[in-house]
file final-v2.txt (compact mmCIF, C-alpha atoms)
# COMPACT_ATOMS: atom_id res chain seq x y z
CA MET A 1 -3.10 -23.97 4.00
CA SER A 2 -1.19 -23.22 7.18
CA THR A 3 2.38 -22.05 7.35
CA VAL A 4 4.45 -22.87 10.43
CA VAL A 5 6.93 -20.22 11.44
CA GLU A 6 9.58 -20.25 14.12
CA HIS A 7 8.80 -20.71 17.78
CA GLY A 8 5.61 -22.55 16.97
CA VAL A 9 3.63 -19.59 15.68
CA VAL A 10 1.19 -20.71 13.01
CA GLY A 11 -0.25 -18.28 10.45
CA HIS A 12 -2.61 -19.26 7.67
CA GLU A 13 -4.39 -16.01 6.85
CA ALA A 14 -1.38 -14.23 5.37
CA ALA A 15 -0.39 -17.28 3.32
CA SER A 16 -3.70 -17.33 1.48
CA LEU A 17 -4.24 -13.59 0.90
CA LEU A 18 -2.63 -11.23 -1.61
CA ARG A 19 -3.34 -7.51 -1.73
CA PHE A 20 -2.52 -5.97 -5.09
CA ALA A 21 -3.18 -2.77 -7.01
CA THR A 22 -3.41 -1.91 -10.69
CA ALA A 23 -2.02 1.28 -12.21
CA GLY A 24 -1.35 2.69 -15.65
CA SER A 25 -2.01 5.58 -18.00
CA VAL A 26 -5.44 6.60 -19.21
CA ASP A 27 -6.94 4.06 -21.65
CA ASP A 28 -4.22 1.48 -21.01
CA GLY A 29 -7.00 -0.96 -20.07
CA LYS A 30 -6.75 -1.31 -16.30
CA SER A 31 -10.46 -1.73 -15.67
CA THR A 32 -10.76 -4.09 -18.65
CA LEU A 33 -7.94 -6.21 -17.24
CA VAL A 34 -9.61 -6.36 -13.85
CA GLY A 35 -12.95 -7.19 -15.44
CA ARG A 36 -11.35 -9.92 -17.54
CA LEU A 37 -9.59 -11.30 -14.48
CA LEU A 38 -12.85 -11.45 -12.54
CA HIS A 39 -14.85 -12.83 -15.49
CA ASP A 40 -12.43 -15.54 -16.60
CA SER A 41 -11.73 -16.68 -13.03
CA LYS A 42 -15.49 -17.20 -12.54
CA SER A 43 -15.63 -14.49 -9.86
CA VAL A 44 -18.57 -12.56 -11.34
CA LEU A 45 -22.12 -13.25 -10.24
CA ALA A 46 -24.70 -13.86 -12.96
CA ASP A 47 -26.72 -10.75 -12.12
CA GLN A 48 -23.57 -8.60 -12.22
CA LEU A 49 -22.72 -9.90 -15.67
CA GLU A 50 -26.29 -9.32 -16.87
CA ALA A 51 -26.14 -5.72 -15.62
CA VAL A 52 -22.88 -5.16 -17.49
CA GLU A 53 -24.35 -6.68 -20.67
CA ARG A 54 -27.39 -4.37 -20.45
CA ALA A 55 -25.22 -1.31 -19.84
CA SER A 56 -22.95 -2.28 -22.74
CA LEU A 57 -25.90 -2.70 -25.12
CA GLY A 58 -27.19 0.70 -24.01
CA ARG A 59 -23.88 2.19 -25.12
CA GLY A 60 -24.07 0.48 -28.51
CA GLN A 61 -21.54 -2.25 -27.76
CA GLU A 62 -22.24 -5.79 -28.92
CA ALA A 63 -19.90 -7.51 -26.47
CA PRO A 64 -20.04 -6.83 -22.72
CA ASP A 65 -17.64 -4.10 -21.59
CA LEU A 66 -15.87 -5.85 -18.72
CA ALA A 67 -14.45 -2.52 -17.49
CA LEU A 68 -17.92 -1.75 -16.14
CA LEU A 69 -17.41 -4.44 -13.49
CA THR A 70 -15.09 -2.04 -11.66
CA ASP A 71 -16.07 1.45 -12.85
CA GLY A 72 -18.93 1.92 -10.42
CA LEU A 73 -19.34 5.70 -10.33
CA ARG A 74 -21.78 7.23 -12.80
CA ALA A 75 -19.12 9.68 -14.01
CA GLU A 76 -16.75 6.77 -14.61
CA ARG A 77 -19.29 4.93 -16.72
CA GLU A 78 -20.23 8.05 -18.69
CA GLN A 79 -16.66 9.14 -19.40
CA GLY A 80 -15.16 5.67 -19.74
CA ILE A 81 -12.44 6.44 -17.18
CA THR A 82 -11.57 5.40 -13.64
CA ILE A 83 -11.81 8.19 -11.06
CA ASP A 84 -11.91 6.56 -7.64
CA VAL A 85 -10.12 3.51 -6.25
CA ALA A 86 -12.35 0.48 -6.80
CA TYR A 87 -11.78 -2.42 -4.42
CA ARG A 88 -12.74 -5.92 -5.46
CA TYR A 89 -12.54 -9.18 -3.54
CA PHE A 90 -12.25 -12.53 -5.27
CA ALA A 91 -10.73 -15.93 -4.73
CA THR A 92 -9.39 -18.95 -6.55
CA PRO A 93 -8.69 -22.40 -5.04
CA ARG A 94 -5.08 -21.33 -4.49
CA ARG A 95 -5.39 -17.85 -2.96
CA ARG A 96 -7.72 -15.03 -1.91
CA PHE A 97 -7.27 -11.53 -3.32
CA ILE A 98 -8.02 -7.93 -2.41
CA LEU A 99 -7.64 -5.82 -5.55
CA ALA A 100 -7.45 -2.03 -5.80
CA ASP A 101 -8.13 -0.65 -9.29
CA THR A 102 -6.56 2.83 -9.22
CA PRO A 103 -7.03 5.76 -11.64
CA GLY A 104 -4.55 6.63 -14.36
CA HIS A 105 -4.92 10.42 -14.58
CA VAL A 106 -2.11 12.56 -13.17
CA GLN A 107 -4.58 14.45 -10.97
CA TYR A 108 -5.51 11.18 -9.26
CA THR A 109 -1.97 10.24 -8.19
CA ARG A 110 -3.14 10.47 -4.58
CA ASN A 111 -5.71 7.77 -5.30
CA MET A 112 -2.95 5.43 -6.45
CA VAL A 113 -1.03 6.17 -3.26
CA THR A 114 -4.13 5.15 -1.30
CA GLY A 115 -4.64 1.95 -3.25
CA ALA A 116 -1.00 0.87 -3.27
CA SER A 117 -0.14 1.80 0.32
CA THR A 118 -1.11 -1.65 1.62
CA ALA A 119 -0.42 -3.62 -1.57
CA GLU A 120 2.10 -6.42 -1.75
CA LEU A 121 2.11 -6.31 -5.55
CA ALA A 122 1.44 -3.65 -8.16
CA VAL A 123 0.33 -4.36 -11.74
CA VAL A 124 1.49 -1.51 -13.99
CA LEU A 125 -0.16 -1.54 -17.42
CA VAL A 126 1.43 -0.21 -20.58
CA ASP A 127 -0.25 0.17 -23.97
CA ALA A 128 1.92 -1.80 -26.39
CA ARG A 129 1.37 0.90 -29.04
CA ASN A 130 2.66 3.71 -26.83
CA GLY A 131 5.32 2.02 -24.70
CA VAL A 132 6.65 3.52 -21.48
CA VAL A 133 5.27 7.03 -21.04
CA GLU A 134 5.53 9.68 -18.34
CA GLN A 135 2.63 8.27 -16.33
CA THR A 136 4.20 4.80 -16.46
CA ARG A 137 7.34 6.18 -14.87
CA ARG A 138 5.23 8.07 -12.34
CA HIS A 139 3.43 4.89 -11.25
CA ALA A 140 6.69 2.94 -11.05
CA ALA A 141 8.14 5.68 -8.84
CA VAL A 142 5.09 5.67 -6.57
CA ALA A 143 5.34 1.88 -6.22
CA ALA A 144 9.02 2.29 -5.32
CA LEU A 145 8.31 5.04 -2.80
CA LEU A 146 5.65 2.89 -1.14
CA ARG A 147 8.05 -0.08 -1.03
CA VAL A 148 5.68 -2.41 -2.90
CA PRO A 149 7.76 -5.62 -2.96
CA HIS A 150 6.53 -7.06 -6.29
CA VAL A 151 5.78 -5.26 -9.58
CA VAL A 152 4.16 -6.80 -12.66
CA LEU A 153 4.54 -5.03 -16.00
CA ALA A 154 1.49 -5.97 -18.08
CA VAL A 155 2.10 -4.96 -21.69
CA ASN A 156 -1.51 -4.69 -22.85
CA LYS A 157 -3.16 -4.50 -26.28
CA MET A 158 -0.67 -6.88 -27.85
CA ASP A 159 -3.42 -7.78 -30.32
CA LEU A 160 -3.08 -4.25 -31.78
CA VAL A 161 0.62 -4.75 -32.55
CA ASP A 162 0.16 -8.21 -34.12
CA TYR A 163 1.46 -9.91 -30.97
CA ALA A 164 5.00 -8.89 -31.95
CA GLU A 165 7.70 -10.14 -29.60
CA PRO A 166 10.19 -7.31 -30.37
CA VAL A 167 7.62 -4.71 -29.27
CA PHE A 168 7.14 -6.49 -25.95
CA ALA A 169 10.87 -7.02 -25.43
CA ALA A 170 11.70 -3.35 -26.01
CA ILE A 171 9.04 -2.14 -23.56
CA ALA A 172 9.99 -4.73 -20.94
CA GLY A 173 13.67 -3.80 -21.19
CA GLU A 174 13.05 -0.07 -20.83
CA PHE A 175 10.67 -0.42 -17.89
CA THR A 176 12.83 -2.95 -16.05
CA ALA A 177 15.89 -0.71 -16.29
CA TYR A 178 13.95 2.29 -14.97
CA ALA A 179 12.42 0.27 -12.12
CA ALA A 180 15.84 -1.08 -11.15
CA SER A 181 17.17 2.48 -10.91
CA LEU A 182 14.42 3.15 -8.35
CA GLY A 183 15.34 0.14 -6.26
CA VAL A 184 12.28 -1.94 -7.19
CA PRO A 185 13.33 -5.45 -6.10
CA GLU A 186 11.43 -7.47 -8.69
CA VAL A 187 9.69 -6.91 -12.02
CA THR A 188 7.76 -9.60 -13.93
CA ALA A 189 6.82 -8.64 -17.49
CA ILE A 190 3.79 -10.33 -19.12
CA PRO A 191 2.42 -9.64 -22.64
CA ILE A 192 -1.39 -9.58 -22.59
CA SER A 193 -4.57 -8.54 -24.34
CA ALA A 194 -7.14 -7.77 -21.68
CA LEU A 195 -9.86 -7.33 -24.28
CA ALA A 196 -9.24 -10.70 -25.94
CA GLY A 197 -8.15 -12.50 -22.77
CA ASP A 198 -4.63 -13.39 -23.90
CA ASN A 199 -2.39 -14.38 -20.97
CA VAL A 200 -4.77 -12.96 -18.36
CA VAL A 201 -6.20 -16.20 -17.00
CA SER A 202 -5.53 -18.58 -19.90
CA PRO A 203 -2.32 -18.82 -21.96
CA SER A 204 -2.43 -17.08 -25.32
CA ALA A 205 -2.50 -19.08 -28.53
CA HIS A 206 -1.09 -16.05 -30.36
CA MET A 207 2.17 -15.66 -28.42
CA ASP A 208 3.92 -19.03 -28.44
CA TRP A 209 7.21 -17.14 -28.04
CA TYR A 210 6.22 -16.30 -24.45
CA GLY A 211 6.79 -19.09 -21.95
CA GLY A 212 6.08 -17.31 -18.67
CA PRO A 213 3.01 -17.33 -16.42
CA THR A 214 -0.32 -15.70 -17.10
CA VAL A 215 -1.32 -12.79 -14.89
CA LEU A 216 -3.49 -15.00 -12.68
CA GLU A 217 -0.84 -17.71 -12.43
CA HIS A 218 1.68 -15.16 -11.23
CA LEU A 219 -0.77 -13.67 -8.74
CA GLU A 220 -1.47 -17.14 -7.36
CA THR A 221 2.17 -18.11 -6.99
CA VAL A 222 4.08 -14.93 -6.17
CA PRO A 223 5.70 -15.41 -2.75
CA VAL A 224 4.16 -13.38 0.05
CA ASP A 225 6.15 -13.12 3.27
CA THR A 226 4.07 -15.01 5.83
CA ASP A 227 6.53 -15.09 8.72
CA PRO A 228 5.47 -12.53 11.33
CA ALA A 229 8.56 -13.30 13.39
CA ARG A 230 10.70 -11.65 10.70
CA ASP A 231 9.78 -8.18 11.93
CA PRO A 232 10.23 -6.76 15.43
CA ALA A 233 7.07 -6.66 17.52
CA ARG A 234 5.09 -3.42 17.57
CA PHE A 235 1.87 -3.09 19.58
CA PRO A 236 0.10 0.31 19.56
CA VAL A 237 -2.24 0.56 22.54
CA GLN A 238 -5.76 1.37 21.44
CA TYR A 239 -7.75 1.02 24.64
CA VAL A 240 -7.06 0.42 28.34
CA ILE A 241 -9.39 -2.16 29.93
CA ARG A 242 -10.07 -1.73 33.65
CA PRO A 243 -13.31 -3.49 34.64
CA GLN A 244 -12.90 -2.76 38.40
CA THR A 245 -15.50 -5.41 39.23
CA ALA A 246 -15.66 -7.81 42.15
CA ASP A 247 -14.31 -10.58 39.92
CA HIS A 248 -11.55 -8.41 38.44
CA PRO A 249 -10.76 -5.68 40.98
CA ASP A 250 -7.16 -5.10 39.86
CA TYR A 251 -7.27 -6.13 36.20
CA ARG A 252 -5.52 -3.79 33.79
CA GLY A 253 -5.26 -4.86 30.17
CA TYR A 254 -4.10 -3.04 27.05
CA ALA A 255 -6.12 -3.78 23.92
CA GLY A 256 -5.11 -3.21 20.33
CA GLN A 257 -3.92 -4.78 17.09
CA ILE A 258 -0.38 -6.06 16.72
CA ALA A 259 1.13 -3.97 13.93
CA SER A 260 4.09 -6.27 13.28
CA GLY A 261 6.03 -9.17 14.71
CA VAL A 262 5.17 -11.62 17.48
CA LEU A 263 4.37 -11.01 21.16
CA ARG A 264 4.88 -13.81 23.69
CA VAL A 265 4.18 -14.23 27.37
CA GLY A 266 7.47 -13.57 29.17
CA ASP A 267 8.75 -10.99 26.65
CA GLU A 268 10.44 -7.94 28.12
CA VAL A 269 8.95 -4.85 26.49
CA SER A 270 9.49 -1.12 26.53
CA VAL A 271 6.57 1.26 26.80
CA LEU A 272 7.13 4.17 24.44
CA PRO A 273 7.55 7.09 24.49
CA SER A 274 8.18 6.90 28.26
CA GLY A 275 10.85 4.20 27.89
CA ARG A 276 9.77 2.25 30.97
CA THR A 277 10.09 -1.54 30.80
CA SER A 278 7.97 -4.45 31.97
CA THR A 279 7.25 -8.09 31.19
CA VAL A 280 4.28 -9.53 29.31
CA THR A 281 2.36 -11.71 31.77
CA GLY A 282 -0.69 -12.52 29.65
CA LEU A 283 -2.17 -12.40 26.16
CA ASP A 284 -5.91 -12.72 25.51
CA ALA A 285 -7.12 -13.36 21.94
CA LEU A 286 -10.81 -13.86 21.15
CA GLY A 287 -11.61 -14.32 24.82
CA ARG A 288 -9.03 -16.98 25.60
CA ALA A 289 -5.51 -16.91 26.97
CA VAL A 290 -2.71 -17.66 24.50
CA GLY A 291 1.03 -17.98 24.85
CA ALA A 292 1.86 -16.00 21.71
CA ALA A 293 0.13 -13.70 19.23
CA TRP A 294 1.27 -12.16 15.97
CA ALA A 295 0.36 -9.46 13.45
CA PRO A 296 -2.34 -8.59 12.54
CA GLN A 297 -4.17 -10.20 15.47
CA SER A 298 -6.14 -8.07 17.93
CA VAL A 299 -5.27 -8.96 21.51
CA THR A 300 -5.29 -7.73 25.08
CA VAL A 301 -1.89 -7.57 26.80
CA THR A 302 -1.27 -7.64 30.54
CA LEU A 303 2.03 -6.58 32.11
CA ALA A 304 3.83 -7.42 35.32
CA ASP A 305 4.11 -3.79 36.43
CA ASP A 306 1.43 -1.18 37.07
CA LEU A 307 2.63 1.48 34.63
CA ASP A 308 0.95 4.64 33.38
CA ILE A 309 -0.02 3.49 29.89
CA SER A 310 -2.72 5.02 27.71
CA ARG A 311 -4.00 5.06 24.14
CA GLY A 312 -1.22 5.98 21.73
CA ASP A 313 1.59 4.34 23.67
CA LEU A 314 3.59 1.66 21.87
CA LEU A 315 4.84 -1.65 23.27
CA ALA A 316 8.03 -2.94 21.63
CA PRO A 317 10.82 -5.38 22.56
CA ALA A 318 13.14 -3.78 25.07
CA ALA A 319 16.13 -4.89 23.02
CA GLY A 320 14.79 -3.60 19.69
CA ALA A 321 12.61 -0.58 20.39
CA PRO A 322 12.41 2.24 17.83
CA ALA A 323 14.02 5.58 18.57
CA VAL A 324 11.81 8.24 20.14
CA THR A 325 11.94 11.66 18.50
CA GLN A 326 10.13 14.95 18.06
CA ASP A 327 11.88 15.76 14.77
CA VAL A 328 10.47 13.86 11.80
CA GLU A 329 11.97 13.81 8.32
CA ALA A 330 9.81 12.11 5.73
CA THR A 331 8.69 11.75 2.16
CA VAL A 332 5.04 12.74 1.82
CA CYS A 333 2.28 12.68 -0.78
CA HIS A 334 -0.08 15.61 -0.39
CA VAL A 335 -3.67 14.44 -0.89
CA ALA A 336 -5.77 17.50 -0.01
CA ASP A 337 -6.90 20.19 -2.45
CA ARG A 338 -5.58 22.94 -0.16
CA PRO A 339 -1.75 23.18 -0.18
CA LEU A 340 0.63 22.16 2.58
CA THR A 341 2.88 25.09 3.53
CA ALA A 342 5.99 25.60 5.61
CA GLY A 343 5.04 26.86 9.06
CA GLN A 344 1.60 25.22 8.94
CA ARG A 345 0.24 23.76 12.19
CA VAL A 346 -1.15 20.24 11.81
CA LEU A 347 -2.05 17.11 13.71
CA LEU A 348 0.17 14.09 13.11
CA LYS A 349 -1.52 10.69 13.45
CA HIS A 350 0.83 7.75 13.90
CA THR A 351 -0.83 4.38 14.63
CA THR A 352 -3.16 5.16 17.56
CA ARG A 353 -1.32 8.31 18.66
CA THR A 354 -2.26 11.82 17.50
CA VAL A 355 -0.06 14.79 18.43
CA LYS A 356 0.18 18.46 17.54
CA ALA A 357 2.92 19.33 15.06
CA ILE A 358 4.28 22.08 12.84
CA VAL A 359 5.70 21.75 9.33
CA LYS A 360 9.09 23.34 9.85
CA GLU A 361 10.39 23.06 6.29
CA ILE A 362 9.62 21.66 2.84
CA PRO A 363 13.15 21.14 1.43
CA SER A 364 12.12 19.84 -1.97
CA ARG A 365 9.38 18.62 -4.29
CA LEU A 366 9.91 15.56 -6.46
CA THR A 367 9.23 15.53 -10.20
CA LEU A 368 8.33 11.90 -10.79
CA ASP A 369 8.68 11.83 -14.56
CA ASP A 370 12.45 12.38 -14.46
CA LEU A 371 13.14 12.19 -10.67
CA SER A 372 14.49 15.72 -10.60
CA GLN A 373 13.84 17.83 -7.55
CA HIS A 374 12.58 21.34 -7.13
CA PRO A 375 14.36 22.83 -4.10
CA ALA A 376 12.52 24.85 -1.46
CA PRO A 377 9.09 24.94 -3.15
CA GLY A 378 7.48 26.51 -0.07
CA GLU A 379 4.35 24.41 -0.43
CA LEU A 380 3.01 21.13 -1.78
CA ALA A 381 -0.14 21.10 -3.91
CA ALA A 382 -2.56 18.21 -4.38
CA ASN A 383 -0.81 15.07 -5.71
CA ASP A 384 2.65 16.53 -5.09
CA ILE A 385 5.30 14.31 -3.51
CA GLY A 386 7.99 16.02 -1.53
CA ARG A 387 10.31 16.02 1.44
CA VAL A 388 9.25 17.60 4.73
CA ARG A 389 10.70 18.27 8.16
CA ILE A 390 8.20 18.26 11.02
CA ARG A 391 8.48 19.11 14.71
CA THR A 392 5.97 17.40 17.02
CA ALA A 393 4.74 18.70 20.37
CA GLU A 394 5.20 15.24 21.94
CA PRO A 395 7.72 12.48 21.23
CA LEU A 396 6.87 9.67 18.82
CA ALA A 397 8.19 6.11 18.53
CA LEU A 398 8.49 6.14 14.75
CA ASP A 399 10.13 3.42 12.66
CA ALA A 400 11.65 4.13 9.27
CA TYR A 401 9.15 3.33 6.52
CA ALA A 402 11.79 1.10 4.89
CA ASP A 403 11.71 -1.08 8.02
CA SER A 404 7.96 -1.07 8.65
CA ARG A 405 5.25 0.19 6.30
CA ARG A 406 2.78 0.14 9.21
CA THR A 407 4.70 1.93 11.97
CA GLY A 408 6.79 4.04 9.59
CA SER A 409 3.78 5.78 8.06
CA PHE A 410 1.66 8.64 9.35
CA LEU A 411 -1.00 11.16 8.35
CA LEU A 412 -1.05 14.94 8.64
CA ILE A 413 -4.50 16.27 9.53
CA ASP A 414 -6.00 19.76 9.49
CA PRO A 415 -6.77 20.53 13.16
CA SER A 416 -9.60 22.88 12.22
CA ASP A 417 -11.86 20.39 10.45
CA GLY A 418 -10.19 16.97 10.58
CA THR A 419 -9.40 16.80 6.86
CA THR A 420 -6.58 14.45 5.91
CA LEU A 421 -3.88 16.58 4.30
CA THR A 422 -0.87 14.39 3.68
CA ALA A 423 0.30 10.78 3.79
CA GLY A 424 3.85 10.45 5.11
CA MET A 425 6.63 7.86 4.99
CA ALA A 426 9.34 8.39 7.59
CA GLY A 427 12.98 8.18 6.61
CA THR A 428 14.58 7.95 3.19
CA ALA A 429 12.80 7.97 -0.16
CA PHE A 430 13.68 5.25 -2.65
CA ALA A 431 15.26 1.99 -1.52
CA ALA A 432 18.28 2.32 -3.78
CA ARG A 433 19.34 3.62 -7.15
CA ALA A 434 22.00 2.64 -9.61
CA ALA A 435 25.37 4.07 -8.64
CA GLU A 436 25.69 6.09 -11.84
CA ASP A 437 22.37 7.81 -11.10
CA ALA A 438 23.15 8.64 -7.47
CA VAL A 439 23.13 12.39 -6.85
CA ALA A 440 24.78 14.04 -3.87
CA ASP A 441 22.08 16.05 -2.20
CA ASP A 442 22.10 18.26 0.85
CA GLU A 443 18.32 18.70 0.79
CA GLY A 444 17.55 15.31 2.31
CA TRP A 445 16.72 13.15 -0.72
CA ASP A 446 18.24 9.69 -0.60
CA PHE A 447 18.86 8.93 -4.25
call {"tool": "encode", "arguments": {"input": "final-v2.txt", "output": "structure tokens"}}
result
Amino acid sequence: MSTVVEHGVVGHEAASLLRFATAGSVDDGKSTLVGRLLHDSKSVLADQLEAVERASLGRGQEAPDLALLTDGLRAEREQGITIDVAYRYFATPRRRFILADTPGHVQYTRNMVTGASTAELAVVLVDARNGVVEQTRRHAAVAALLRVPHVVLAVNKMDLVDYAEPVFAAIAGEFTAYAASLGVPEVTAIPISALAGDNVVSPSAHMDWYGGPTVLEHLETVPVDTDPARDPARFPVQYVIRPQTADHPDYRGYAGQIASGVLRVGDEVSVLPSGRTSTVTGLDALGRAVGAAWAPQSVTVTLADDLDISRGDLLAPAAGAPAVTQDVEATVCHVADRPLTAGQRVLLKHTTRTVKAIVKEIPSRLTLDDLSQHPAPGELAANDIGRVRIRTAEPLALDAYADSRRTGSFLLIDPSDGTTLTAGMAGTAFAARAAEDAVADDEGWDF
């Protein structure tokens, strides 16, 4: 299952892999959906299913509780909720999947940010009896902030509303309108019953009015951008290789993982943040020389010139290099229990580069239920999403998050103990909003 892209670069890994995350309010049935997806797609081992059956019987349930396939923590099993992000790997003949089952509680918003940060698709569940609620809007907003390109609205528990089409249509219409106002590029609405298995893997016999795909069919066929040449090349240097042996007395190679785009022998590149230029003379991948390499391959790059390059430097096309700056404006999600405050000294980690920084200002905090903003909050508490202005001690080659989720993101770290404080997305917030909802704002929000 290979996909040929321009200039002869061939990529088959990205074409066969989809990363997706589930989200929804408490008791909407996320873990049951995931369990049903794994069970009905024959992705559950016999001993796993037997363990779930035993645990279900111990809780007085006659049928196996498929949610237990993902709720692995003892507290999750005892309380019947999801607390941590549960990752599951499964495959069908058409595609491989990495799934992140994220919690639904408001206090675990940071966990959803973690699970959805690398996702190409988000499945947002809604209980058909309750419709779109505050937490539904919160999860849609987080998906929009993280620029997740595909969103599935799974209207669950249709069996409890007699599989009524008007109920589904009303919920789908409300959610789609809200998502569009956030700039979400695509929403696919699917009526399901995770408990009964309707429209999860197999089409439902109870909803002949629905002619769209099942959840699994959509996951198998949703287009995933597999052309690495679409994005400009970005290569963060991780390690400098200098053997200084008799066989390689003058060898100097720069090892790392290509974050985006394609690198080719003969490319003219800039070394950032210094801005010096050179030409790629060699690419080594898995111990052999290649003419081109692309994201996310790990390679060693050699250059024509003997430049002072070290870990944290970034190689980028000379004609399309990102701007270098010490002033960072970003949307952030605060993930630590201790607050983030204006004036706080932090470490900023961007790709392989870590620099000292200071939080100069927190202009606003976002209220995700209605997208209002609280100006000048002074600090961000756990799970808060807000706007920050940061000054770094050294220049950074930082892309806008809208242009590159990999090189437009960063972490803020407590320098005293190494605790991760905040996940940041450089540049503007939401992709776009409906013109009638646009609000003029001098605090830095872009909606």
call {"tool": "residues_around", "arguments": {"input": "final-v2.txt", "residues": "Met158 in chain A", "least_positions_apart": "5", "cutoff": "10 Å", "atoms": "all atoms listed in the file", "output": "list in words"}}
result
Asp127, Ala128, Arg129, Tyr163, Ala164, Glu165, Val167, Phe168, Pro191, Ile192, Ser193, Ala194, Leu195, Ala196, Asp198, His206 and Met207 of chain A
call {"tool": "atom_distance", "arguments": {"input": "final-v2.txt", "atom1": "CA of Ala423 in chain A", "atom2": "CA of Pro149 in chain A"}}
result
19.2 Å
call {"tool": "residues_around", "arguments": {"input": "final-v2.txt", "residues": "Ile413 in chain A", "least_positions_apart": "6", "cutoff": "8 Å", "atoms": "only C-alpha atoms", "output": "list in words"}}
result
Val346, Leu347, Leu348, Lys349, Thr419, Thr420, Leu421 and Thr422 of chain A
call {"tool": "residues_around", "arguments": {"input": "final-v2.txt", "residues": "Arg137 in chain A", "least_positions_apart": "5", "cutoff": "12 Å", "atoms": "all atoms listed in the file", "output": "PyMOL selection string"}}
result
chain A and resi 23-25+104+106+124-126+131-132+142-144+153+174-182+367-371
call {"tool": "atom_distance", "arguments": {"input": "final-v2.txt", "atom1": "CA of Phe90 in chain A", "atom2": "CA of Asn199 in chain A"}}
result
18.6 Å
call {"tool": "residues_around", "arguments": {"input": "final-v2.txt", "residues": "range 403-408 of chain A", "least_positions_apart": "3", "cutoff": "9 Å", "atoms": "all atoms listed in the file", "output": "list in words"}}
result
Ser117, Thr118, Leu146, Arg147, Asp231, Arg234, Ala259, Ser260, His350, Thr351, Ala397, Leu398, Asp399, Ala400, Gly424, Met425, Ala426 and Gly427 of chain A
call {"tool": "closest_residue", "arguments": {"input": "final-v2.txt", "among": "A:Val113, A:Val152, A:Ala255, A:Val201", "to": "Arg36 in chain A", "atoms": "only C-alpha atoms"}}
result
A:Val201
call {"tool": "residues_around", "arguments": {"input": "final-v2.txt", "residues": "Arg110 in chain A", "least_positions_apart": "4", "cutoff": "7 Å", "atoms": "all atoms listed in the file", "output": "list in words"}}
result
Thr114, Cys333, Val335 and Asn383 of chain A
call {"tool": "atom_distance", "arguments": {"input": "final-v2.txt", "atom1": "CA of Thr281 in chain A", "atom2": "CA of Arg353 in chain A"}}
result
24.2 Å
call {"tool": "closest_residue", "arguments": {"input": "final-v2.txt", "among": "A:Glu120, A:Glu329, A:Asp247, A:Asp227", "to": "Phe97 in chain A", "atoms": "all atoms listed in the file"}}
result
A:Glu120
call {"tool": "closest_residue", "arguments": {"input": "final-v2.txt", "among": "A:Ser16, A:Ser372, A:Gln344, A:Thr392", "to": "Pro415 in chain A", "atoms": "all atoms listed in the file"}}
result
A:Gln344
call {"tool": "closest_residue", "arguments": {"input": "final-v2.txt", "among": "A:Ser409, A:Thr300, A:Ser270, A:Thr354", "to": "Ala233 in chain A", "atoms": "all atoms listed in the file"}}
result
A:Ser270
call {"tool": "residues_near_point", "arguments": {"input": "final-v2.txt", "point": "(3.0, -3.6, -5.9)", "cutoff": "7 Å", "atoms": "all atoms listed in the file", "output": "list in words"}}
result
Phe20, Ala21, Ala116, Ala119, Glu120, Leu121, Ala122, Val123, Ala143, Val148, Pro149, His150 and Val151 of chain A
call {"tool": "closest_residue", "arguments": {"input": "final-v2.txt", "among": "A:Leu37, A:Leu18, A:Val155, A:Val301", "to": "Arg94 in chain A", "atoms": "all atoms listed in the file"}}
result
A:Leu18
